[in-house]
Amino acid sequence: MAAAILISGTTLAGGLLTNTNSNIAFNRNFARDGIIGIDGVYSNPAGVAFMPNGFHLSFNVQNVYQTRTIESGMTVPALQGTPFAHPFSFNGGDENGVKKFKGEATVPILPSIQAALNYDKWGFQAGFSLIGGGGKCTFGKGLGSFERTIAMIPALLYQTNQTYLSQYGLDLGLGSATPGYSVDSYIKGQQYIFGFQLGATYKVNEHLAAYAGMRFNYIYNKYLGSITDISANIGGNNERLYDYFSTRANEALTAATVYEAQAAATADEAAKAQLAQAAALYAKMGQTLDATKNSFSDKHLDCTQNGWGITPIIGLDYKAGRLNVGARLEFTNHLNIENDTKRDDTGLFAHGVNTPNDIPGIVTLGAQYEILPTLRVMGSYHYFFDKNAEMADGKQKKLSGNTQEFLAGVEWDITKDLLVSVGGQRTSYGLGDGGYLNDMSFVTSSYSLGFGAKFKIAKNASINVAYFFTDYENFDKEYDSAVSLAGQNIPTHNTDRFTRTNKVFGAGIDIDF
């Protein structure tokens, strides 16, 4: 009865592990890769060189709310025509054996800071943001991957009872006219990838600037989970299986002892043989039940993971009249995370084990064109090197291609003190047949829309406010597997439908000194 307790961190807008919403200006207009502004410390660092001389600072706070929903189905072809063909229907699933599992992820405060100091030709930058993760995701009722084996318990009990009836003439009382099961399952995951970025710009001339820098990434993950109180309907009563099998094992072993004593006390050889046979049968039954109870014991997980690495970054910006073009390349950061495990009843998170957890590289290209002195349009393109980012068990090989994002936006200066903007983003993942996805870690392609405003509150200070939401597509996955049942591998046909929601509100302040 193995269960994998692992939940990925909160991935916001961006690649499989990458948050690109490092500034409120991005939330109101996603196409920031060709702009000139303080938020360019992340999106277009070379373009920051064309900001005025002096010190520029941006501080931002975002509030993020996400849901993740998986509709998991399970069919047992060999049991078609019986009540056990759609096991999830015994515990909250519909008549077709499809059950919904929902997780909620919240990030009450997602901070970021960008700073730049410009001289005539040289400039120096620093930034901090959560490049990946940043929140907690909780599945209060577990996941389908937890339940698929547990859901087979009613069929297991029925078949075991039938086996003993046919082979030994014993009714163990494991059957039920109203088969069902229940389990308390809980998973809570956190993931934080803290990014500390340092770099410098050089203004080659009035049109061209270059950037070189690096980002120090520190990963902190924490996983808490439990599977407890596995129960099933036996003889019309809901029984906690660990306690039930423990009691039945003791009863069988006691019966074996009684039969052994009776066999020793009788002189009738035929009766002695029958009593000895009964003693052996009940002893075997007791041993089997005693071993079986451990399958239903409570399981817990408490594991923390840590790791760090450095991402080199280079960039160029070209400025000519009303047009500005920026490009940035972040190299893939190869790193491992190490388990610091306090408890692991699953056997999946051994203490001290290192797991690949690369942060994928990214290349971006963006442009901004000034239609009017008060009106600007922008466009960007992102390409993530996901297939080059090594993951546990070579999971990245199951992707059919790398992530691509297409972004567009427009800004309008209504007055000299008020700017409004809107932007859109299309994120397309190379998910192939879905082999990369599972209910513990998944993404789906999406569309995002953001809008907001910038208010000038002083000669050298402005406030940014913005809201964006993401509309995720459904992704349907079908696959076959097998569940070990009464010494047999029972083939099952499984389905998963993945989708998510994402809503982000943020505010920030930009100050020039």
# chains A, B, ... in the order shown; residues from 1 in each chain; ligands from 1

call {"tool": "residues_around", "arguments": {"residues": "A:Ile457", "least_positions_apart": "6", "cutoff": "12 Å", "atoms": "only C-alpha atoms", "output": "list in words"}}
result
Lys416, Asp417, Leu418, Ile463, Asn464, Ile509, Asp510 and Ile511 of chain A

call {"tool": "write_last_selection", "arguments": {"atoms": "N, CA and C atoms", "output": "mmCIF file, in the first residue's frame"}}
result
data_model
loop_
_atom_site.group_PDB
_atom_site.id
_atom_site.type_symbol
_atom_site.label_atom_id
_atom_site.label_comp_id
_atom_site.auth_asym_id
_atom_site.auth_seq_id
_atom_site.Cartn_x
_atom_site.Cartn_y
_atom_site.Cartn_z
ATOM 1 N N LYS A 416 -0.013 63.308 -17.310
ATOM 2 C CA LYS A 416 1.391 63.162 -16.937
ATOM 3 C C LYS A 416 1.555 62.431 -15.604
ATOM 4 N N ASP A 417 0.447 62.283 -14.854
ATOM 5 C CA ASP A 417 0.514 61.626 -13.547
ATOM 6 C C ASP A 417 -0.205 60.279 -13.508
ATOM 7 N N LEU A 418 -0.830 59.873 -14.629
ATOM 8 C CA LEU A 418 -1.606 58.629 -14.628
ATOM 9 C C LEU A 418 -1.354 57.844 -15.909
ATOM 10 N N ILE A 463 3.243 54.941 -7.791
ATOM 11 C CA ILE A 463 2.620 53.734 -7.267
ATOM 12 C C ILE A 463 2.088 52.910 -8.436
ATOM 13 N N ASN A 464 2.360 51.608 -8.427
ATOM 14 C CA ASN A 464 1.801 50.678 -9.401
ATOM 15 C C ASN A 464 0.771 49.779 -8.721
ATOM 16 N N ILE A 509 5.840 50.385 -5.298
ATOM 17 C CA ILE A 509 6.260 51.781 -5.378
ATOM 18 C C ILE A 509 7.623 51.866 -6.052
ATOM 19 N N ASP A 510 7.757 52.800 -6.977
ATOM 20 C CA ASP A 510 9.018 53.098 -7.661
ATOM 21 C C ASP A 510 9.514 54.468 -7.202
ATOM 22 N N ILE A 511 10.801 54.544 -6.843
ATOM 23 C CA ILE A 511 11.374 55.804 -6.367
ATOM 24 C C ILE A 511 12.683 56.075 -7.112
#

call {"tool": "closest_atom_pairs", "arguments": {"of": "stretch 333-365 of chain A", "to": "stretch 205-216 of chain A", "cutoff": "12 Å", "atoms": "only C-alpha atoms", "output": "tab-separated table"}}
result
residue	atom	partner	partner_atom	distance
A:Asn333	CA	A:Arg215	CA	9.6
A:Leu335	CA	A:Phe216	CA	11.5
A:Ile359	CA	A:Arg215	CA	11.4
A:Gly361	CA	A:Arg215	CA	11.9

call {"tool": "closest_atom_pairs", "arguments": {"of": "stretch 321-439 of chain A", "to": "stretch 224-247 of chain A", "cutoff": "12 Å", "atoms": "only C-alpha atoms", "output": "CSV"}}
result
residue,atom,partner,partner_atom,distance
A:Thr341,CA,A:Leu224,CA,10.5
A:Lys342,CA,A:Leu224,CA,10.3
A:Arg343,CA,A:Leu224,CA,9.5
A:Asp344,CA,A:Gly225,CA,9.4
A:Asp345,CA,A:Ser226,CA,9.1
A:Thr346,CA,A:Ser226,CA,9.6
A:Phe349,CA,A:Leu224,CA,11.6

call {"tool": "write_last_selection", "arguments": {"atoms": "C-alpha atoms", "output": "PDB file, in the first residue's frame"}}
result
ATOM      1  CA  THR A 341      13.738  13.839   6.401  1.00  0.00           C
ATOM      2  CA  LYS A 342      12.332  13.692   9.909  1.00  0.00           C
ATOM      3  CA  ARG A 343       9.740  11.011   9.155  1.00  0.00           C
ATOM      4  CA  ASP A 344       8.974   9.009   6.034  1.00  0.00           C
ATOM      5  CA  ASP A 345       6.623   6.040   6.280  1.00  0.00           C
ATOM      6  CA  THR A 346       6.338   5.905   2.481  1.00  0.00           C
ATOM      7  CA  PHE A 349      12.138  10.340   0.780  1.00  0.00           C
TER       8      PHE A 349
END

call {"tool": "closest_atom_pairs", "arguments": {"of": "stretch 170-191 of chain A", "to": "stretch 430-448 of chain A", "cutoff": "12 Å", "atoms": "only C-alpha atoms", "output": "Markdown table"}}
result
| residue | atom | partner | partner_atom | distance |
| --- | --- | --- | --- | --- |
| A:Ile187 | CA | A:Met440 | CA | 9.7 |
| A:Lys188 | CA | A:Met440 | CA | 10.8 |
| A:Gly189 | CA | A:Met440 | CA | 9.9 |

call {"tool": "write_last_selection", "arguments": {"atoms": "N, CA and C atoms", "output": "PDB file, in the first residue's frame"}}
result
ATOM      1  N   ILE A 187      -2.198  16.364   2.236  1.00  0.00           N
ATOM      2  CA  ILE A 187      -0.881  16.728   1.706  1.00  0.00           C
ATOM      3  C   ILE A 187      -0.762  18.247   1.719  1.00  0.00           C
ATOM      4  N   LYS A 188       0.382  18.709   2.191  1.00  0.00           N
ATOM      5  CA  LYS A 188       0.671  20.136   2.178  1.00  0.00           C
ATOM      6  C   LYS A 188       2.097  20.331   1.704  1.00  0.00           C
ATOM      7  N   GLY A 189       2.255  21.089   0.639  1.00  0.00           N
ATOM      8  CA  GLY A 189       3.580  21.312   0.088  1.00  0.00           C
ATOM      9  C   GLY A 189       3.918  22.782   0.017  1.00  0.00           C
TER      10      GLY A 189
END

call {"tool": "residues_around", "arguments": {"residues": "stretch 372-380 of chain A", "least_positions_apart": "5", "cutoff": "8 Å", "atoms": "only C-alpha atoms", "output": "PyMOL selection string"}}
result
chain A and resi 31-35+364-367+406-414
